[in-house]
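Chemist: Provided herewith: model-v6.cif, mmCIF, C-alpha atoms and all ligand atoms.
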```cif
data_input
#
loop_
_atom_site.label_atom_id
_atom_site.label_comp_id
_atom_site.auth_asym_id
_atom_site.auth_seq_id
_atom_site.Cartn_x
_atom_site.Cartn_y
_atom_site.Cartn_z
CA MET A 1 17.73 -6.00 18.33
CA SER A 2 18.29 -9.37 16.64
CA THR A 3 15.62 -12.08 16.30
CA GLU A 4 15.04 -15.77 15.57
CA ALA A 5 13.21 -15.01 12.33
CA THR A 6 14.42 -15.91 8.84
CA CYS A 7 14.32 -13.56 5.87
CA ARG A 8 11.34 -14.01 3.51
CA SER A 9 13.59 -13.55 0.50
CA CYS A 10 17.03 -15.08 1.13
CA GLY A 11 16.40 -17.14 4.26
CA GLY A 12 19.13 -15.24 6.13
CA THR A 13 18.98 -15.24 9.91
CA ALA A 14 20.65 -11.94 10.80
CA LEU A 15 17.48 -9.80 10.70
CA GLU A 16 17.80 -6.59 12.68
CA VAL A 17 14.64 -5.05 14.16
CA PHE A 18 14.62 -1.25 13.91
CA LEU A 19 11.06 -0.31 14.91
CA SER A 20 8.39 -1.80 17.18
CA LEU A 21 4.96 -0.24 16.86
CA GLY A 22 3.46 -2.35 19.64
CA LYS A 23 0.37 -4.53 19.33
CA MET A 24 -1.84 -3.27 16.52
CA PRO A 25 -5.29 -4.32 15.28
CA LEU A 26 -5.59 -5.46 11.64
CA PRO A 27 -5.62 -2.31 9.50
CA ASP A 28 -8.76 -3.04 7.46
CA ALA A 29 -10.75 -4.77 10.21
CA PHE A 30 -13.42 -2.06 10.43
CA LEU A 31 -16.05 -2.73 13.06
CA THR A 32 -19.81 -2.80 12.90
CA GLU A 33 -21.81 -1.12 15.65
CA GLU A 34 -22.40 -4.50 17.38
CA ALA A 35 -18.79 -5.70 17.06
CA ARG A 36 -17.54 -2.71 19.04
CA SER A 37 -18.23 -4.45 22.33
CA GLU A 38 -16.32 -7.61 21.36
CA PRO A 39 -12.57 -8.01 22.00
CA GLU A 40 -10.43 -7.22 18.95
CA PRO A 41 -7.40 -9.32 18.07
CA ARG A 42 -4.10 -7.41 18.15
CA TYR A 43 -0.77 -8.56 16.83
CA PRO A 44 2.79 -7.34 17.47
CA LEU A 45 4.20 -5.14 14.72
CA ASP A 46 8.01 -5.23 14.54
CA VAL A 47 9.99 -4.26 11.45
CA ALA A 48 13.43 -5.56 10.54
CA VAL A 49 16.01 -5.34 7.77
CA CYS A 50 17.96 -8.30 6.36
CA PRO A 51 21.60 -7.23 5.96
CA GLU A 52 22.18 -10.11 3.53
CA CYS A 53 19.62 -9.21 0.82
CA ALA A 54 18.42 -5.72 1.92
CA LEU A 55 14.78 -6.77 2.33
CA VAL A 56 12.80 -4.88 4.97
CA GLN A 57 10.04 -6.99 6.52
CA ILE A 58 7.75 -7.42 9.50
CA LEU A 59 8.15 -10.45 11.76
CA GLU A 60 4.51 -11.29 12.49
CA GLU A 61 2.62 -13.39 9.95
CA VAL A 62 -1.15 -12.99 10.14
CA PRO A 63 -2.86 -15.56 7.83
CA PRO A 64 -3.70 -13.84 4.50
CA GLU A 65 -7.35 -15.03 4.66
CA LYS A 66 -7.80 -12.87 7.77
CA LEU A 67 -6.28 -9.87 6.01
CA PHE A 68 -7.63 -10.01 2.48
CA VAL A 69 -10.76 -12.19 2.53
CA GLU A 70 -12.43 -11.63 5.90
CA ASN A 71 -11.41 -7.98 6.31
CA TYR A 72 -10.87 -6.11 3.09
CA LEU A 73 -12.99 -3.20 1.95
CA TYR A 74 -10.25 -1.36 0.05
CA PHE A 75 -11.48 -0.28 -3.40
CA SER A 76 -8.86 1.28 -5.68
CA SER A 77 -11.42 3.29 -7.66
CA PHE A 78 -12.16 5.89 -4.97
CA SER A 79 -9.12 7.98 -5.99
CA ASP A 80 -9.27 9.94 -9.23
CA ALA A 81 -5.47 10.32 -9.20
CA LEU A 82 -5.01 6.56 -8.92
CA LEU A 83 -7.48 5.93 -11.76
CA ARG A 84 -5.53 8.35 -13.98
CA HIS A 85 -2.25 6.67 -13.05
CA ALA A 86 -3.72 3.25 -13.94
CA ARG A 87 -5.14 4.43 -17.25
CA ASP A 88 -1.82 5.99 -18.29
CA HIS A 89 0.00 2.78 -17.38
CA ALA A 90 -2.44 0.59 -19.33
CA MET A 91 -2.46 2.78 -22.43
CA GLY A 92 1.33 2.99 -22.35
CA LEU A 93 1.60 -0.81 -22.26
CA VAL A 94 -0.93 -1.33 -25.07
CA GLU A 95 1.25 0.88 -27.25
CA SER A 96 4.77 -0.13 -26.21
CA ARG A 97 4.01 -3.88 -26.15
CA ARG A 98 1.73 -3.72 -29.22
CA LEU A 99 -1.04 -5.53 -27.35
CA GLY A 100 -4.15 -6.68 -29.19
CA ALA A 101 -6.87 -9.31 -29.43
CA GLY A 102 -4.30 -12.13 -29.35
CA SER A 103 -2.54 -10.92 -26.18
CA LEU A 104 -3.18 -11.65 -22.52
CA VAL A 105 -2.71 -9.23 -19.63
CA VAL A 106 -2.91 -10.70 -16.12
CA GLU A 107 -3.15 -8.53 -13.04
CA LEU A 108 -2.37 -9.92 -9.60
CA ALA A 109 -4.54 -8.21 -6.96
CA SER A 110 -6.78 -6.72 -9.62
CA ASN A 111 -9.09 -5.30 -6.93
CA ASP A 112 -12.22 -3.67 -8.42
CA GLY A 113 -10.92 -3.77 -12.01
CA TYR A 114 -9.59 -0.16 -11.82
CA LEU A 115 -6.66 -1.04 -14.16
CA LEU A 116 -7.74 -4.00 -16.30
CA LYS A 117 -10.93 -2.31 -17.48
CA ASN A 118 -8.67 -0.03 -19.57
CA PHE A 119 -7.14 -2.98 -21.44
CA ALA A 120 -10.56 -4.59 -21.84
CA SER A 121 -12.00 -1.50 -23.47
CA ALA A 122 -8.98 -1.41 -25.82
CA GLY A 123 -9.91 -4.95 -26.93
CA VAL A 124 -7.06 -6.71 -25.07
CA PRO A 125 -8.04 -9.94 -23.23
CA VAL A 126 -7.50 -9.70 -19.48
CA LEU A 127 -7.55 -11.91 -16.41
CA GLY A 128 -7.79 -10.51 -12.91
CA ILE A 129 -6.72 -12.50 -9.86
CA ASP A 130 -7.89 -11.34 -6.43
CA PRO A 131 -9.14 -13.18 -3.34
CA ALA A 132 -11.02 -10.22 -1.81
CA PRO A 133 -14.75 -10.93 -2.37
CA GLU A 134 -16.22 -7.40 -2.47
CA PRO A 135 -13.69 -5.75 -4.82
CA ALA A 136 -13.69 -8.87 -7.08
CA ARG A 137 -17.47 -8.65 -7.39
CA ALA A 138 -17.15 -5.01 -8.49
CA ALA A 139 -14.51 -6.02 -11.06
CA GLU A 140 -16.78 -8.66 -12.58
CA ALA A 141 -19.55 -6.07 -12.80
CA ALA A 142 -17.11 -3.79 -14.66
CA GLY A 143 -16.46 -6.52 -17.24
CA VAL A 144 -13.17 -7.80 -15.80
CA PRO A 145 -13.09 -11.62 -15.44
CA THR A 146 -11.63 -12.32 -12.01
CA LEU A 147 -10.35 -15.48 -10.33
CA ARG A 148 -11.02 -15.20 -6.60
CA GLU A 149 -7.80 -16.79 -5.47
CA PHE A 150 -4.39 -16.03 -4.01
CA PHE A 151 -1.63 -16.11 -6.64
CA GLY A 152 1.38 -18.42 -6.33
CA THR A 153 3.25 -21.16 -8.18
CA ASP A 154 0.32 -23.64 -8.07
CA LEU A 155 -2.15 -21.27 -9.67
CA ALA A 156 0.44 -20.21 -12.26
CA ARG A 157 1.02 -23.87 -13.25
CA ARG A 158 -2.72 -24.46 -13.48
CA LEU A 159 -3.16 -21.47 -15.81
CA VAL A 160 -0.26 -22.61 -18.01
CA ALA A 161 -1.79 -26.13 -18.15
CA GLU A 162 -4.96 -24.46 -19.47
CA GLY A 163 -2.85 -22.97 -22.27
CA LYS A 164 -2.52 -19.46 -20.80
CA ARG A 165 0.73 -17.45 -20.89
CA ALA A 166 0.81 -13.76 -20.00
CA ASP A 167 2.31 -11.17 -22.34
CA VAL A 168 2.11 -8.70 -19.50
CA ILE A 169 1.76 -9.32 -15.76
CA VAL A 170 0.94 -6.31 -13.61
CA ALA A 171 1.41 -6.54 -9.84
CA ASN A 172 0.60 -3.22 -8.17
CA ASN A 173 0.81 -2.99 -4.38
CA VAL A 174 0.63 -6.74 -3.94
CA MET A 175 4.20 -8.08 -3.76
CA ALA A 176 4.28 -6.67 -0.23
CA HIS A 177 1.10 -8.61 0.61
CA VAL A 178 2.39 -12.16 0.20
CA PRO A 179 3.97 -14.20 2.97
CA ASP A 180 5.50 -16.64 0.45
CA LEU A 181 7.45 -14.07 -1.52
CA ASN A 182 9.57 -16.58 -3.43
CA GLY A 183 6.51 -18.62 -4.42
CA PHE A 184 4.86 -15.48 -5.74
CA VAL A 185 7.84 -14.45 -7.89
CA ALA A 186 8.38 -18.04 -9.07
CA GLY A 187 4.71 -18.10 -10.10
CA MET A 188 5.16 -14.94 -12.18
CA ALA A 189 8.14 -16.55 -13.93
CA VAL A 190 6.01 -19.63 -14.74
CA LEU A 191 3.08 -17.63 -16.12
CA LEU A 192 5.08 -15.08 -18.13
CA ALA A 193 5.59 -15.64 -21.87
CA ASP A 194 9.29 -15.83 -22.79
CA ASP A 195 9.24 -12.34 -24.32
CA GLY A 196 6.72 -10.98 -21.80
CA LEU A 197 7.00 -8.11 -19.32
CA ILE A 198 6.20 -7.89 -15.61
CA THR A 199 5.59 -4.52 -13.99
CA VAL A 200 5.55 -4.31 -10.23
CA GLU A 201 4.66 -1.20 -8.24
CA ASN A 202 5.23 -0.68 -4.56
CA PRO A 203 6.02 2.16 -2.18
CA TYR A 204 9.78 2.75 -2.04
CA VAL A 205 11.30 1.86 1.34
CA ARG A 206 13.84 4.68 0.96
CA ASP A 207 10.97 7.20 0.90
CA LEU A 208 9.17 5.41 3.74
CA VAL A 209 12.25 6.08 5.88
CA ASP A 210 13.14 9.53 4.52
CA HIS A 211 9.55 10.79 4.98
CA GLY A 212 8.71 9.07 8.28
CA GLU A 213 5.85 7.08 6.72
CA PHE A 214 5.60 4.68 9.68
CA ASP A 215 1.83 4.30 9.26
CA THR A 216 2.30 2.39 5.98
CA ILE A 217 3.78 -0.39 8.09
CA TYR A 218 0.97 -2.82 8.91
CA HIS A 219 0.18 -6.52 8.88
CA GLU A 220 -1.01 -6.50 5.24
CA HIS A 221 2.48 -5.40 4.25
CA PHE A 222 4.89 -8.22 4.97
CA CYS A 223 7.74 -6.55 2.98
CA TYR A 224 9.07 -3.07 2.03
CA PHE A 225 11.14 -2.94 -1.14
CA SER A 226 14.17 -1.24 -2.64
CA CYS A 227 15.77 -1.81 -6.07
CA THR A 228 18.52 -3.78 -4.36
CA SER A 229 16.15 -6.22 -2.66
CA VAL A 230 13.99 -6.61 -5.79
CA ASP A 231 17.03 -7.22 -8.00
CA THR A 232 18.30 -9.98 -5.69
CA LEU A 233 14.84 -11.52 -5.32
CA VAL A 234 13.93 -11.78 -9.01
CA ARG A 235 17.36 -13.09 -10.08
CA ARG A 236 16.77 -16.11 -7.87
CA HIS A 237 13.87 -17.00 -10.21
CA GLY A 238 15.54 -16.41 -13.57
CA LEU A 239 14.12 -12.91 -13.91
CA PHE A 240 15.90 -9.56 -14.28
CA LEU A 241 15.20 -6.06 -13.09
CA ASN A 242 15.63 -4.05 -16.29
CA HIS A 243 14.06 -0.66 -15.68
CA VAL A 244 12.68 1.59 -12.90
CA GLU A 245 10.22 4.48 -12.91
CA TYR A 246 9.57 6.77 -9.94
CA PHE A 247 6.21 8.32 -8.96
CA PRO A 248 6.98 10.64 -6.03
CA ASP A 249 3.32 11.54 -5.35
CA LEU A 250 1.85 8.04 -5.37
CA HIS A 251 1.42 6.41 -1.93
CA GLY A 252 4.24 8.48 -0.46
CA GLY A 253 6.73 7.60 -3.23
CA THR A 254 6.26 4.58 -5.49
CA LEU A 255 8.64 2.69 -7.75
CA ARG A 256 7.54 0.74 -10.81
CA TRP A 257 9.95 -2.08 -11.60
CA HIS A 258 10.09 -3.59 -15.10
CA ILE A 259 11.09 -7.26 -14.93
CA ALA A 260 11.68 -9.78 -17.74
CA LYS A 261 13.39 -13.06 -18.61
CA ARG A 262 16.23 -11.43 -20.53
CA GLU A 263 18.77 -9.14 -18.81
CA GLU A 264 18.69 -5.66 -20.37
CA PRO A 265 19.25 -3.10 -17.61
CA THR A 266 18.75 0.58 -18.37
CA ASP A 267 20.84 3.40 -16.93
CA ALA A 268 17.92 4.10 -14.59
CA VAL A 269 18.32 0.71 -12.90
CA ARG A 270 22.08 1.06 -12.64
CA GLY A 271 21.64 4.55 -11.20
CA TYR A 272 19.18 3.43 -8.51
CA LEU A 273 21.30 0.45 -7.48
CA ALA A 274 24.39 2.67 -7.21
CA GLU A 275 22.52 5.30 -5.20
CA GLU A 276 21.14 2.67 -2.82
CA ARG A 277 24.66 1.32 -2.29
CA ARG A 278 25.93 4.82 -1.63
CA ARG A 279 23.19 5.54 0.95
CA GLY A 280 23.40 2.05 2.47
CA VAL A 281 19.66 1.30 1.97
CA GLY A 282 20.37 -2.40 2.57
CA ARG A 283 22.29 -1.85 5.79
CA PRO A 284 20.92 -1.59 9.33
CA ALA A 285 22.61 1.80 9.90
CA PHE A 286 20.23 3.42 7.40
CA TYR A 287 17.26 2.51 9.66
CA ARG A 288 18.71 3.21 13.09
CA ASP A 289 17.33 6.70 13.75
CA PHE A 290 13.91 5.92 12.25
CA ALA A 291 12.23 4.89 15.52
CA ALA A 292 13.26 8.13 17.22
CA ARG A 293 11.89 10.17 14.30
CA VAL A 294 8.59 8.27 14.42
CA GLU A 295 8.28 9.01 18.15
CA GLY A 296 8.92 12.66 17.36
CA ILE A 297 6.03 12.77 14.84
CA ARG A 298 3.76 11.02 17.34
CA ASP A 299 4.54 13.42 20.19
CA GLU A 300 4.17 16.49 18.01
CA LEU A 301 0.84 15.40 16.53
CA VAL A 302 -0.64 14.42 19.88
CA ALA A 303 0.47 17.70 21.48
CA LEU A 304 -1.02 19.72 18.62
CA LEU A 305 -4.40 17.96 18.70
CA ARG A 306 -4.62 18.00 22.51
CA GLY A 307 -3.86 21.72 22.53
CA LEU A 308 -6.50 22.46 19.92
CA LYS A 309 -9.10 20.32 21.67
CA ASP A 310 -8.37 21.91 25.05
CA GLY A 311 -8.86 25.28 23.38
CA GLY A 312 -12.39 24.22 22.36
CA ALA A 313 -11.77 23.22 18.72
CA ARG A 314 -13.78 20.43 17.09
CA LEU A 315 -11.62 17.88 15.24
CA ALA A 316 -12.23 15.26 12.57
CA GLY A 317 -10.22 13.07 10.19
CA TYR A 318 -10.27 12.49 6.43
CA GLY A 319 -9.50 8.99 5.11
CA ALA A 320 -10.45 5.71 6.83
CA ALA A 321 -7.33 4.21 5.28
CA ALA A 322 -5.44 1.18 6.51
CA LYS A 323 -2.64 3.59 7.39
CA ALA A 324 -5.11 5.57 9.54
CA THR A 325 -5.63 2.50 11.72
CA ILE A 326 -1.91 2.45 12.48
CA LEU A 327 -1.51 6.18 12.92
CA LEU A 328 -4.43 6.39 15.36
CA ASN A 329 -3.63 3.26 17.34
CA TYR A 330 0.08 3.98 17.60
CA THR A 331 -0.44 7.60 18.68
CA GLY A 332 -3.47 6.80 20.84
CA ILE A 333 -5.57 9.42 19.04
CA GLY A 334 -9.16 8.21 19.37
CA SER A 335 -12.74 9.42 19.89
CA ASP A 336 -11.59 11.68 22.72
CA LEU A 337 -9.93 13.86 20.05
CA LEU A 338 -11.60 13.06 16.71
CA ASP A 339 -15.41 13.29 16.46
CA PHE A 340 -15.58 11.32 13.20
CA ILE A 341 -13.64 10.32 10.08
CA VAL A 342 -14.92 10.86 6.54
CA ASP A 343 -14.18 8.66 3.54
CA ARG A 344 -15.52 8.40 0.00
CA ASN A 345 -15.60 4.60 0.18
CA VAL A 346 -19.29 3.90 0.80
CA HIS A 347 -18.47 0.35 1.97
CA LYS A 348 -16.81 1.84 5.08
CA HIS A 349 -19.68 4.17 6.05
CA GLY A 350 -21.41 3.31 9.32
CA LEU A 351 -18.39 1.31 10.49
CA TYR A 352 -15.79 2.18 13.14
CA MET A 353 -12.00 2.44 13.00
CA PRO A 354 -10.24 -0.67 14.33
CA GLY A 355 -8.91 -0.27 17.88
CA VAL A 356 -9.92 3.35 18.46
CA HIS A 357 -13.58 3.07 17.35
CA VAL A 358 -13.92 6.50 15.73
CA PRO A 359 -17.06 6.42 13.51
CA ILE A 360 -16.72 6.62 9.71
CA THR A 361 -19.09 8.60 7.53
CA GLY A 362 -19.28 10.29 4.11
CA PRO A 363 -17.30 13.43 3.12
CA GLU A 364 -20.47 15.57 3.11
CA ALA A 365 -20.17 15.57 6.93
CA LEU A 366 -17.37 18.15 6.61
CA ALA A 367 -19.79 20.73 5.19
CA GLU A 368 -22.62 19.71 7.53
CA ARG A 369 -20.71 19.49 10.82
CA ARG A 370 -17.89 21.89 10.03
CA PRO A 371 -15.07 20.66 12.26
CA ASP A 372 -12.52 23.42 12.93
CA TYR A 373 -9.62 21.11 12.01
CA THR A 374 -9.48 17.94 9.92
CA VAL A 375 -6.49 15.63 10.00
CA ILE A 376 -5.70 14.23 6.53
CA LEU A 377 -5.09 10.62 7.52
CA ALA A 378 -4.83 9.63 3.82
CA TRP A 379 -1.94 12.12 3.50
CA ASN A 380 -0.79 10.33 0.32
CA PHE A 381 -3.87 11.85 -1.37
CA ARG A 382 -3.46 15.22 0.27
CA ARG A 383 -3.52 17.16 -3.00
CA GLU A 384 -6.61 15.41 -4.34
CA ILE A 385 -8.48 15.77 -1.03
CA VAL A 386 -7.71 19.46 -0.49
CA HIS A 387 -8.73 20.22 -4.08
CA GLN A 388 -11.97 18.22 -3.82
CA GLN A 389 -12.88 19.79 -0.45
CA ALA A 390 -12.08 23.40 -1.36
CA ALA A 391 -15.45 24.47 0.08
CA TYR A 392 -14.44 23.21 3.54
CA ALA A 393 -11.41 25.52 3.65
CA GLU A 394 -13.43 28.42 2.19
CA GLN A 395 -15.84 28.05 5.12
CA GLY A 396 -12.90 28.40 7.52
CA GLY A 397 -11.99 24.75 8.07
CA ARG A 398 -8.27 24.01 8.49
CA TRP A 399 -6.31 20.94 7.43
CA ILE A 400 -3.69 19.15 9.49
CA VAL A 401 -1.21 16.95 7.63
CA PRO A 402 0.65 14.44 9.84
CA ILE A 403 3.22 12.98 7.37
CA PRO A 404 6.02 13.66 6.33
CA SER A 405 5.90 16.26 9.10
CA VAL A 406 3.13 17.68 11.25
CA GLU A 407 1.77 20.74 9.52
CA VAL A 408 -1.32 22.97 9.83
CA VAL A 409 -2.30 24.13 6.35
P1 LIG B 501 -5.18 4.59 0.72
C1 LIG B 501 -4.30 0.63 0.76
O1 LIG B 501 -3.84 1.21 1.94
C2 LIG B 501 -4.50 -0.80 1.00
P2 LIG B 501 -4.62 2.42 2.58
C3 LIG B 501 -3.43 -1.66 0.53
N1 LIG B 501 -3.04 -2.57 1.58
C4 LIG B 501 -2.19 -1.05 0.02
O2 LIG B 501 -1.25 -1.75 -0.19
C5 LIG B 501 -2.13 0.40 -0.19
O3 LIG B 501 -3.42 0.94 -0.29
C6 LIG B 501 -1.31 0.77 -1.35
C7 LIG B 501 -10.25 7.36 0.75
N2 LIG B 501 -10.28 8.52 -0.12
O4 LIG B 501 -5.42 4.34 -0.70
C8 LIG B 501 -10.21 6.03 0.06
C9 LIG B 501 -11.31 9.39 0.03
O5 LIG B 501 -12.19 9.20 0.86
O6 LIG B 501 -4.24 5.64 1.10
C10 LIG B 501 -9.50 5.15 1.07
O7 LIG B 501 -10.42 4.64 2.02
N3 LIG B 501 -11.35 10.48 -0.78
C11 LIG B 501 -3.98 -2.38 -0.64
O8 LIG B 501 -6.00 1.98 2.96
C12 LIG B 501 -8.57 6.13 1.78
O9 LIG B 501 -9.08 7.43 1.56
C13 LIG B 501 -10.39 10.74 -1.71
O10 LIG B 501 -10.48 11.76 -2.40
O11 LIG B 501 -3.78 3.04 3.62
C14 LIG B 501 -7.20 6.10 1.17
O12 LIG B 501 -6.59 4.89 1.43
C15 LIG B 501 -9.33 9.82 -1.84
C16 LIG B 501 -8.25 10.06 -2.86
C17 LIG B 501 -9.29 8.72 -1.03
O13 LIG B 501 -4.70 3.30 1.25
ZN ZN B 502 17.42 -11.60 3.17
#
```
Here is the file; what I need is its structure written in the form of C-alpha cells.
Ligand code: JHZ
Ligand code: ZN

Modeler:
Amino acid sequence: MSTEATCRSCGGTALEVFLSLGKMPLPDAFLTEEARSEPEPRYPLDVAVCPECALVQILEEVPPEKLFVENYLYFSSFSDALLRHARDHAMGLVESRRLGAGSLVVELASNDGYLLKNFASAGVPVLGIDPAPEPARAAEAAGVPTLREFFGTDLARRLVAEGKRADVIVANNVMAHVPDLNGFVAGMAVLLADDGLITVENPYVRDLVDHGEFDTIYHEHFCYFSCTSVDTLVRRHGLFLNHVEYFPDLHGGTLRWHIAKREEPTDAVRGYLAEERRRGVGRPAFYRDFAARVEGIRDELVALLRGLKDGGARLAGYGAAAKATILLNYTGIGSDLLDFIVDRNVHKHGLYMPGVHVPITGPEALAERRPDYTVILAWNFRREIVHQQAAYAEQGGRWIVPIPSVEVV
C-alpha cells in the first residue's frame, strides 16, 4: 500500500506500508482506577519503509509531550542486565576516550541516570537531557544534573553558546523517539566537539523482522533503524558511521553505532552495509511477508491461552512494558484471559494496562497467587526474569514466551 506521507529522513514520497496494527492506545498511558471508566484515545499504527533511504517508520505522529511528558513511567534501572550493559559501556568510553575532569559526556534521554551515574562516579562531568519528569527527578537524586527538555538543534546551539561542547554524546533508545529526526542529528553535530564521538543504540530493524518483534512497534517509536538508513541519515549532517557493535540479547537485538565528524569506517561497518544490501533490508520486498507472520504469532498465542483457560488454568503476565500494551491490544488478550500482570517498576503498581485494563502489581504476586502459566510480556528480558523467579517454576508455575515464537517453557 502506498501513502501520502513523506519520509522523516530523506523526504521521499514513495513510502510503502507493510503492516497495520489497527488503532492502538499509547503504550505507556497506564490508567488509574478512576481513569478506567473514561474513553481512551487510540491512534492508527501503520508501518512503512522508504525505498529511497531504507528508513522504516510509522505514519502517525502523536505529539511527543503526550508520549514522554504526560505518560512516561519507564525507568531504565529496573533491569540488572541493562545496568550492567550501561556500566560496561561507560567504563569502556572512559578508558578508550581518556575521559577525565576536563571532559563532558552528554546523554540524550538520560532517563533515571542509569548510565551517566557511572561517568559521574569516575569523576567525569556529565549532563543529562530528558523531558520525562519522573525519571529526570530520579536522575537528579542520583547526582546526575538533568535538563528537562527535548533535544534538538535549538537546545544544542544554546548549550554551545554557554561554552559547552561534548566529547561524547550517548543516545540510547532515543533516536527512534523523535519526530524531527534531521533536527535531532543536526543538533548532535552542533554539540559534538570536533574530535568527539557519538554512540547511538537502537533495536535493529533486521532483527525486528527476522524475529517477529511486532510489539516493539508503537507510537513512541517513530523510526526503526538499519546501518544503511543510519549511514545515509548522518552523512546529510556532516557525520559518518564509523563502527558498529551488535548486542543480540538486548531489546531483541540492538546495534550500537559509533558516529564522528571524520570518516574512518571499520570492517564491521562495511560488513553490515554489504550484508544489508545482500538481504535487501532497504527494499519493500524484505518486509512483505511480515504481516502474515505477525498474524500467525497472534493466532497461535490466542489459541494457546484460550485452550489453557478453558481447561481451568489460571494465567498472568510478567512485564507491564510498552510492548505489552501492543501485544495485548493487538491480540485482544485482556482480563478475560490474564488475571494480573507483575512488574518490578513500583511506579506502575496499582495501575491498569492501556486498552485492556489488566491490573498491574508487584512480582511477589507470582508466589502468593501462583498462576499456572505466566506470559513473559517483557520477552527481551526473558533470561533475567526466569532466573530471578526461579522459585515460581520450582513451585510448578510455567512460563509462556510469545516472541520470537510462541513457546511453553
Ligand atoms: P522494557 C521501553 O520499552 C520504553 P518497554 C522505551 N520506549 C524504549 O524505547 C524501549 O524500552 C527500549 C519490567 N521488568 O524495558 C520493567 C521487571 O519487572 O522491555 C519494565 O516495566 N522485572 C524507552 O517498556 C518492563 O519489565 C525485570 O526483571 O517495552 C520491561 O520493559 C525486568 C528485567 C524488567 O521496555
Ligand atoms: Zn527516506

Chemist: Out of A:Asn329, A:Ser405, A:Asn345, A:Thr228, which residue has the shortest atom-to-atom distance to ligand LIG 501 (chain B) when counting all atoms listed in the file?

Modeler: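 For ligand LIG 501 (chain B), the nearest of the given residues is A:Asn345.
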
Chemist: Can you measure CA of Phe119 (chain A) to CA of Gly143 (chain A) for me? One decimal in Å is fine.

Modeler: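 We find that CA of Phe119 (chain A) and CA of Gly143 (chain A) lie 10.8 Å from each other.
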
Chemist: Within 12 Å of (16.8, -18.4, -15.6), all atoms listed in the file: residues as a list in words?

Modeler: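 The requested residues, written out, are Ala186, Ala189, Val190, Asp194, Val234, Arg235, Arg236, His237, Gly238, Leu239, Phe240, Ala260, Lys261, Arg262 and Glu263 of chain A.
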
Chemist: Let me make sure I understand: among A:Thr6, A:Asp130, A:Ser77, A:Val69, which one has the smallest atom-to-atom distance to Val346 (chain A) if we use all atoms listed in the file?

Modeler: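 So, comparing all the options, the nearest one is A:Ser77.
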
Chemist: Using all atoms listed in the file, which residues of the polymer chains come no farther than 8 Å from ligand LIG 501 (chain B)? I'd like the answer as JSON, numbers by chain.

Modeler: {"A": [27, 28, 74, 75, 76, 78, 79, 80, 81, 82, 173, 174, 176, 177, 202, 203, 216, 220, 221, 251, 318, 319, 320, 321, 322, 323, 324, 342, 343, 344, 345, 348, 362, 363, 377, 378, 379, 380, 381, 382, 384, 385, 388]}

Chemist: Just how far from CA of Pro179 (chain A) is CA of Pro131 (chain A), in Å to one decimal?

Modeler: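 So the answer is 14.6 Å.
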
Chemist: What does the list of residues within 10 Å of ligand ZN 502 (chain B) look like if you count all atoms listed in the file, written as a VMD selection string?

Modeler: chain A and resid 6 to 15 49 to 57 229 232 to 233 282

Chemist: Between CA of Arg383 (chain A) and CA of Leu366 (chain A), what is the distance, to one decimal in Å?

Modeler: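 Computing it gives 16.9 Å between the two atoms.
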
Chemist: Counting all atoms listed in the file, which residue out of A:Ala365, A:Ala193, A:Ile297, A:Leu31 sits closest to Gln389 (chain A)?

Modeler: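 Looking at the shortest contact to Gln389 (chain A), the residue is A:Ala365.
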
Chemist: Let me make sure I understand: among A:Phe68, A:Phe151, A:Tyr287, A:Tyr114, which one has the smallest atom-to-atom distance to Ala48 (chain A) if we use only C-alpha atoms?

Modeler: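 Selected residue with least distance to Ala48 (chain A): A:Tyr287.
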
Chemist: From the set A:Asn172, A:Tyr272, A:Pro25, A:Pro359, which residue has the shortest atom-to-atom contact distance to Pro39 (chain A), counting all atoms listed in the file?

Modeler: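 Closest residue, counting all atoms listed in the file: A:Pro25.
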
Chemist: Pick the closest to Glu300 (chain A) from A:Thr153, A:Thr331, A:Thr3, A:Asn242: which is it, counting only C-alpha atoms?

Modeler: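 Among the listed residues, the smallest separation from Glu300 (chain A) belongs to A:Thr331.
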
Chemist: Residues at most 12 Å from Tyr392 (chain A), counting only C-alpha atoms, excluding those fewer than 2 positions away in the same chain, as a PyMOL selection string?

Modeler: chain A and resi 318+363-374+385-390+394-399

Chemist: Show me, as a list of chain:residue names, the residues that have an atom within 10 Å of Val209 (chain A) when counting all atoms listed in the file, minus same-chain residues fewer than 5 positions from it.

Modeler: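 In the requested form, the answer reads A:Tyr204, A:Phe214, A:Val281, A:Phe286, A:Tyr287, A:Asp289, A:Phe290, A:Ala291, A:Arg293, A:Val294, A:Pro404.
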
Chemist: Once 3 Å is added on each side, what centre and edge lengths in Å to one decimal does the axis-aligned box around all listed atoms of region 13-24 of chain A have, as AutoDock Vina command-line options?

Modeler:
```
--center_x 9.4 --center_y -7.7 --center_z 14.8 --size_x 28.5 --size_y 21.0 --size_z 15.7
```

Chemist: Selecting N, CA, C and O atoms, how would region 195-199 of chain A from this structure be written as a PDB file, in the first residue's frame?

Modeler:
```
ATOM      1  N   ASP A 195      36.670  16.458  17.654  1.00  0.00           N
ATOM      2  CA  ASP A 195      37.253  15.111  17.748  1.00  0.00           C
ATOM      3  C   ASP A 195      36.404  14.203  18.640  1.00  0.00           C
ATOM      4  O   ASP A 195      36.880  13.194  19.156  1.00  0.00           O
ATOM      5  N   GLY A 196      35.142  14.584  18.848  1.00  0.00           N
ATOM      6  CA  GLY A 196      34.274  13.825  19.755  1.00  0.00           C
ATOM      7  C   GLY A 196      33.660  12.590  19.106  1.00  0.00           C
ATOM      8  O   GLY A 196      33.807  12.348  17.898  1.00  0.00           O
ATOM      9  N   LEU A 197      32.956  11.810  19.950  1.00  0.00           N
ATOM     10  CA  LEU A 197      32.332  10.568  19.493  1.00  0.00           C
ATOM     11  C   LEU A 197      30.870  10.523  19.925  1.00  0.00           C
ATOM     12  O   LEU A 197      30.536  10.867  21.060  1.00  0.00           O
ATOM     13  N   ILE A 198      30.021  10.093  18.994  1.00  0.00           N
ATOM     14  CA  ILE A 198      28.601   9.852  19.317  1.00  0.00           C
ATOM     15  C   ILE A 198      28.377   8.345  19.299  1.00  0.00           C
ATOM     16  O   ILE A 198      28.823   7.674  18.365  1.00  0.00           O
ATOM     17  N   THR A 199      27.724   7.815  20.337  1.00  0.00           N
ATOM     18  CA  THR A 199      27.270   6.426  20.226  1.00  0.00           C
ATOM     19  C   THR A 199      25.752   6.411  20.324  1.00  0.00           C
ATOM     20  O   THR A 199      25.162   7.058  21.187  1.00  0.00           O
TER      21      THR A 199
END
```
